[in-house]
Amino acid sequence: MTATKTRKTKKTTEETRTAKLLTVGASQVLALTTERDGTFYGLTEIGADRGRGFCLAKADKGNGPEETYHVNLAGHESTCECKGFYRWNHCRHVESLTALVGAGKL
Ligand SMILES: [Zn+2]
């Protein structure tokens, strides 16, 4: 696997990322957008042993099968199935859903 890392001398500020909850027909859609890009997930609440469970189905952009992540929100023990979470122990899915739940939107 070739990992290409471009490390430019640029500002270390994080991109502004916005999590929004949209309603499309009868479904809920989680929109994670930055200044450059946007990712949309179909959002379904699923049962969880503790905390809250959500299934995020990444919208297919026509270039492959859609990906699905199960997210369990349980405070500091929240989990997600994406690679970012396995690697960093946090990810935008958990963070955005936690923010939406905290804001009373979910
Ligand atoms: Zn994730």
# chains A, B, ... in the order shown; residues from 1 in each chain; ligands from 1
$ select_by_dssp --residues "chain A" --states "strand (DSSP E)" --output "compact mmCIF listing (two decimals) with N, CA and C atoms, in the first residue's frame"
# COMPACT_ATOMS: atom_id res chain seq x y z
N THR A 18 -19.53 20.82 9.27
CA THR A 18 -20.86 21.04 9.78
C THR A 18 -21.67 19.77 9.71
N ALA A 19 -22.33 19.45 10.78
CA ALA A 19 -23.22 18.29 10.80
C ALA A 19 -24.65 18.80 10.83
N LYS A 20 -25.41 18.35 9.86
CA LYS A 20 -26.81 18.76 9.81
C LYS A 20 -27.68 17.54 9.67
N LEU A 21 -28.85 17.67 10.21
CA LEU A 21 -29.82 16.59 10.09
C LEU A 21 -30.90 17.05 9.13
N LEU A 22 -31.09 16.31 8.06
CA LEU A 22 -32.10 16.67 7.07
C LEU A 22 -33.17 15.60 7.05
N THR A 23 -34.34 15.99 6.65
CA THR A 23 -35.39 15.00 6.47
C THR A 23 -35.73 14.93 4.99
N VAL A 24 -35.55 13.75 4.42
CA VAL A 24 -35.84 13.57 3.00
C VAL A 24 -36.95 12.54 2.92
N SER A 27 -37.26 9.66 5.47
CA SER A 27 -35.97 9.27 6.05
C SER A 27 -35.21 10.46 6.58
N GLN A 28 -34.35 10.15 7.52
CA GLN A 28 -33.45 11.16 8.04
C GLN A 28 -32.10 11.01 7.37
N VAL A 29 -31.50 12.13 7.06
CA VAL A 29 -30.21 12.13 6.39
C VAL A 29 -29.25 12.97 7.21
N LEU A 30 -28.10 12.38 7.48
CA LEU A 30 -27.05 13.12 8.18
C LEU A 30 -26.12 13.70 7.12
N ALA A 31 -25.97 14.99 7.12
CA ALA A 31 -25.10 15.66 6.14
C ALA A 31 -23.89 16.19 6.87
N LEU A 32 -22.72 15.68 6.48
CA LEU A 32 -21.46 16.17 7.04
C LEU A 32 -20.77 16.95 5.94
N THR A 33 -20.68 18.22 6.12
CA THR A 33 -20.12 19.04 5.05
C THR A 33 -18.94 19.84 5.54
N GLY A 38 -18.85 17.27 0.81
CA GLY A 38 -19.98 16.91 1.64
C GLY A 38 -20.23 15.43 1.56
N THR A 39 -20.59 14.83 2.67
CA THR A 39 -20.91 13.42 2.69
C THR A 39 -22.29 13.27 3.31
N PHE A 40 -23.09 12.42 2.71
CA PHE A 40 -24.45 12.26 3.17
C PHE A 40 -24.70 10.81 3.56
N TYR A 41 -25.37 10.65 4.67
CA TYR A 41 -25.64 9.32 5.19
C TYR A 41 -27.12 9.18 5.50
N GLY A 42 -27.70 8.09 5.07
CA GLY A 42 -29.03 7.76 5.53
C GLY A 42 -28.93 7.34 6.99
N LEU A 43 -29.78 7.87 7.82
CA LEU A 43 -29.65 7.65 9.26
C LEU A 43 -30.83 6.86 9.79
N THR A 44 -30.54 5.77 10.45
CA THR A 44 -31.59 4.95 11.05
C THR A 44 -31.20 4.66 12.49
N GLU A 45 -32.12 4.89 13.39
CA GLU A 45 -31.81 4.53 14.77
C GLU A 45 -32.04 3.05 14.96
N ILE A 46 -31.09 2.40 15.58
CA ILE A 46 -31.20 0.97 15.83
C ILE A 46 -31.09 0.72 17.33
N ARG A 52 -27.25 4.94 22.65
CA ARG A 52 -28.10 4.96 21.47
C ARG A 52 -27.34 4.35 20.31
N GLY A 53 -28.07 3.66 19.47
CA GLY A 53 -27.45 3.03 18.31
C GLY A 53 -27.98 3.63 17.02
N PHE A 54 -27.08 3.86 16.08
CA PHE A 54 -27.48 4.39 14.79
C PHE A 54 -26.79 3.62 13.68
N CYS A 55 -27.50 3.50 12.57
CA CYS A 55 -26.91 2.92 11.38
C CYS A 55 -26.78 4.04 10.35
N LEU A 56 -25.55 4.26 9.89
CA LEU A 56 -25.30 5.29 8.88
C LEU A 56 -25.00 4.61 7.57
N ALA A 57 -25.80 4.87 6.56
CA ALA A 57 -25.56 4.31 5.23
C ALA A 57 -25.07 5.43 4.33
N LYS A 58 -23.79 5.35 4.00
CA LYS A 58 -23.19 6.40 3.18
C LYS A 58 -23.82 6.39 1.80
N THR A 68 -21.74 1.10 5.08
CA THR A 68 -22.64 1.24 6.21
C THR A 68 -21.83 1.17 7.50
N TYR A 69 -22.08 2.07 8.39
CA TYR A 69 -21.39 2.08 9.67
C TYR A 69 -22.43 2.02 10.79
N HIS A 70 -22.17 1.17 11.75
CA HIS A 70 -23.00 1.16 12.94
C HIS A 70 -22.30 1.96 14.02
N VAL A 71 -23.03 2.88 14.57
CA VAL A 71 -22.46 3.77 15.58
C VAL A 71 -23.21 3.56 16.89
N ASN A 72 -22.46 3.38 17.95
CA ASN A 72 -23.07 3.28 19.26
C ASN A 72 -22.62 4.48 20.08
N LEU A 73 -23.58 5.26 20.49
CA LEU A 73 -23.26 6.43 21.30
C LEU A 73 -23.43 6.07 22.76
N THR A 79 -18.71 3.90 20.02
CA THR A 79 -17.94 3.17 19.00
C THR A 79 -18.52 3.43 17.62
N CYS A 80 -17.69 3.20 16.63
CA CYS A 80 -18.12 3.28 15.24
C CYS A 80 -17.35 2.21 14.48
$ residues_near_ligand --ligand "ligand 1" --cutoff "8 Å" --atoms "only C-alpha atoms and all ligand atoms" --output "ChimeraX atom specification"
/A:69,71,79-85,90-94
$ atom_distance --atom1 "atom CA of A:Gly104" --atom2 "atom CA of A:Ala26"
19.5 Å
$ atom_distance --atom1 "atom CA of A:Gly75" --atom2 "atom CA of A:Glu95"
10.4 Å
$ decode --residues "chain A" --atoms "C-alpha atoms" --output "PDB file, in the first residue's frame"
ATOM      1  CA  MET A   1       0.000   0.000   0.000  1.00  0.00           C
ATOM      2  CA  THR A   2       1.437   3.325  -0.964  1.00  0.00           C
ATOM      3  CA  ALA A   3       0.543   6.105   1.348  1.00  0.00           C
ATOM      4  CA  THR A   4       1.081   9.476  -0.155  1.00  0.00           C
ATOM      5  CA  LYS A   5       1.465  12.143   2.432  1.00  0.00           C
ATOM      6  CA  THR A   6       1.544  15.682   1.315  1.00  0.00           C
ATOM      7  CA  ARG A   7       2.613  17.810   4.175  1.00  0.00           C
ATOM      8  CA  LYS A   8       2.457  21.383   3.119  1.00  0.00           C
ATOM      9  CA  THR A   9       3.212  24.316   5.299  1.00  0.00           C
ATOM     10  CA  LYS A  10      -0.301  25.451   5.751  1.00  0.00           C
ATOM     11  CA  LYS A  11      -2.409  26.527   8.616  1.00  0.00           C
ATOM     12  CA  THR A  12      -3.066  23.809  11.097  1.00  0.00           C
ATOM     13  CA  THR A  13      -6.606  24.934  11.645  1.00  0.00           C
ATOM     14  CA  GLU A  14      -9.167  22.244  11.103  1.00  0.00           C
ATOM     15  CA  GLU A  15     -11.614  22.554   8.307  1.00  0.00           C
ATOM     16  CA  THR A  16     -14.953  23.814   9.312  1.00  0.00           C
ATOM     17  CA  ARG A  17     -17.166  20.793   9.428  1.00  0.00           C
ATOM     18  CA  THR A  18     -20.865  21.045   9.780  1.00  0.00           C
ATOM     19  CA  ALA A  19     -23.223  18.292  10.800  1.00  0.00           C
ATOM     20  CA  LYS A  20     -26.807  18.758   9.808  1.00  0.00           C
ATOM     21  CA  LEU A  21     -29.816  16.587  10.086  1.00  0.00           C
ATOM     22  CA  LEU A  22     -32.096  16.673   7.066  1.00  0.00           C
ATOM     23  CA  THR A  23     -35.391  14.996   6.467  1.00  0.00           C
ATOM     24  CA  VAL A  24     -35.845  13.569   3.004  1.00  0.00           C
ATOM     25  CA  GLY A  25     -39.264  12.076   2.576  1.00  0.00           C
ATOM     26  CA  ALA A  26     -39.699   9.680   5.465  1.00  0.00           C
ATOM     27  CA  SER A  27     -35.974   9.271   6.054  1.00  0.00           C
ATOM     28  CA  GLN A  28     -33.450  11.159   8.043  1.00  0.00           C
ATOM     29  CA  VAL A  29     -30.207  12.127   6.390  1.00  0.00           C
ATOM     30  CA  LEU A  30     -27.051  13.119   8.179  1.00  0.00           C
ATOM     31  CA  ALA A  31     -25.102  15.660   6.141  1.00  0.00           C
ATOM     32  CA  LEU A  32     -21.464  16.171   7.042  1.00  0.00           C
ATOM     33  CA  THR A  33     -20.122  19.038   5.047  1.00  0.00           C
ATOM     34  CA  THR A  34     -16.867  20.918   4.898  1.00  0.00           C
ATOM     35  CA  GLU A  35     -15.927  23.890   2.793  1.00  0.00           C
ATOM     36  CA  ARG A  36     -14.778  21.540   0.043  1.00  0.00           C
ATOM     37  CA  ASP A  37     -16.840  18.428   0.316  1.00  0.00           C
ATOM     38  CA  GLY A  38     -19.982  16.914   1.640  1.00  0.00           C
ATOM     39  CA  THR A  39     -20.911  13.420   2.691  1.00  0.00           C
ATOM     40  CA  PHE A  40     -24.448  12.259   3.169  1.00  0.00           C
ATOM     41  CA  TYR A  41     -25.636   9.315   5.186  1.00  0.00           C
ATOM     42  CA  GLY A  42     -29.026   7.765   5.529  1.00  0.00           C
ATOM     43  CA  LEU A  43     -29.646   7.649   9.262  1.00  0.00           C
ATOM     44  CA  THR A  44     -31.588   4.948  11.045  1.00  0.00           C
ATOM     45  CA  GLU A  45     -31.808   4.532  14.768  1.00  0.00           C
ATOM     46  CA  ILE A  46     -31.204   0.966  15.831  1.00  0.00           C
ATOM     47  CA  GLY A  47     -31.391  -0.776  19.147  1.00  0.00           C
ATOM     48  CA  ALA A  48     -28.414  -0.579  21.466  1.00  0.00           C
ATOM     49  CA  ASP A  49     -27.580  -2.397  24.669  1.00  0.00           C
ATOM     50  CA  ARG A  50     -26.666   0.917  26.180  1.00  0.00           C
ATOM     51  CA  GLY A  51     -26.676   4.440  24.943  1.00  0.00           C
ATOM     52  CA  ARG A  52     -28.097   4.964  21.468  1.00  0.00           C
ATOM     53  CA  GLY A  53     -27.447   3.026  18.314  1.00  0.00           C
ATOM     54  CA  PHE A  54     -27.480   4.388  14.787  1.00  0.00           C
ATOM     55  CA  CYS A  55     -26.907   2.922  11.377  1.00  0.00           C
ATOM     56  CA  LEU A  56     -25.303   5.292   8.884  1.00  0.00           C
ATOM     57  CA  ALA A  57     -25.556   4.311   5.234  1.00  0.00           C
ATOM     58  CA  LYS A  58     -23.186   6.395   3.181  1.00  0.00           C
ATOM     59  CA  ALA A  59     -24.832   7.626   0.040  1.00  0.00           C
ATOM     60  CA  ASP A  60     -23.563   5.930  -3.071  1.00  0.00           C
ATOM     61  CA  LYS A  61     -21.902   8.410  -5.364  1.00  0.00           C
ATOM     62  CA  GLY A  62     -22.091   5.959  -8.240  1.00  0.00           C
ATOM     63  CA  ASN A  63     -18.552   4.703  -7.797  1.00  0.00           C
ATOM     64  CA  GLY A  64     -19.017   1.616  -5.712  1.00  0.00           C
ATOM     65  CA  PRO A  65     -21.127  -0.104  -3.124  1.00  0.00           C
ATOM     66  CA  GLU A  66     -22.385   2.045  -0.340  1.00  0.00           C
ATOM     67  CA  GLU A  67     -20.745   1.730   3.015  1.00  0.00           C
ATOM     68  CA  THR A  68     -22.637   1.240   6.213  1.00  0.00           C
ATOM     69  CA  TYR A  69     -21.394   2.078   9.673  1.00  0.00           C
ATOM     70  CA  HIS A  70     -23.003   1.163  12.939  1.00  0.00           C
ATOM     71  CA  VAL A  71     -22.460   3.774  15.577  1.00  0.00           C
ATOM     72  CA  ASN A  72     -23.072   3.279  19.264  1.00  0.00           C
ATOM     73  CA  LEU A  73     -23.256   6.428  21.298  1.00  0.00           C
ATOM     74  CA  ALA A  74     -22.374   5.748  24.908  1.00  0.00           C
ATOM     75  CA  GLY A  75     -20.401   8.716  26.130  1.00  0.00           C
ATOM     76  CA  HIS A  76     -16.696   7.963  26.331  1.00  0.00           C
ATOM     77  CA  GLU A  77     -17.343   4.399  25.244  1.00  0.00           C
ATOM     78  CA  SER A  78     -18.948   5.302  21.956  1.00  0.00           C
ATOM     79  CA  THR A  79     -17.941   3.168  19.004  1.00  0.00           C
ATOM     80  CA  CYS A  80     -18.123   3.279  15.237  1.00  0.00           C
ATOM     81  CA  GLU A  81     -17.237   0.743  12.572  1.00  0.00           C
ATOM     82  CA  CYS A  82     -15.296   3.027  10.280  1.00  0.00           C
ATOM     83  CA  LYS A  83     -11.553   2.851   9.717  1.00  0.00           C
ATOM     84  CA  GLY A  84     -11.012   6.226  11.283  1.00  0.00           C
ATOM     85  CA  PHE A  85     -12.480   5.055  14.534  1.00  0.00           C
ATOM     86  CA  TYR A  86     -10.405   1.887  14.623  1.00  0.00           C
ATOM     87  CA  ARG A  87      -7.313   3.919  14.011  1.00  0.00           C
ATOM     88  CA  TRP A  88      -7.902   7.034  16.072  1.00  0.00           C
ATOM     89  CA  ASN A  89     -10.576   5.939  18.507  1.00  0.00           C
ATOM     90  CA  HIS A  90     -12.756   8.804  17.439  1.00  0.00           C
ATOM     91  CA  CYS A  91     -14.338   9.803  14.175  1.00  0.00           C
ATOM     92  CA  ARG A  92     -16.616  12.320  12.617  1.00  0.00           C
ATOM     93  CA  HIS A  93     -19.569   9.973  12.774  1.00  0.00           C
ATOM     94  CA  VAL A  94     -19.457   9.632  16.540  1.00  0.00           C
ATOM     95  CA  GLU A  95     -18.613  13.291  16.964  1.00  0.00           C
ATOM     96  CA  SER A  96     -21.396  14.589  14.756  1.00  0.00           C
ATOM     97  CA  LEU A  97     -24.045  12.275  16.180  1.00  0.00           C
ATOM     98  CA  THR A  98     -22.949  13.113  19.709  1.00  0.00           C
ATOM     99  CA  ALA A  99     -23.275  16.798  18.870  1.00  0.00           C
ATOM    100  CA  LEU A 100     -26.738  16.327  17.380  1.00  0.00           C
ATOM    101  CA  VAL A 101     -27.941  14.305  20.352  1.00  0.00           C
ATOM    102  CA  GLY A 102     -26.439  16.905  22.689  1.00  0.00           C
ATOM    103  CA  ALA A 103     -28.296  19.629  20.819  1.00  0.00           C
ATOM    104  CA  GLY A 104     -31.539  17.714  21.201  1.00  0.00           C
ATOM    105  CA  LYS A 105     -31.877  17.132  17.464  1.00  0.00           C
ATOM    106  CA  LEU A 106     -31.777  13.374  17.694  1.00  0.00           C
TER     107      LEU A 106
END
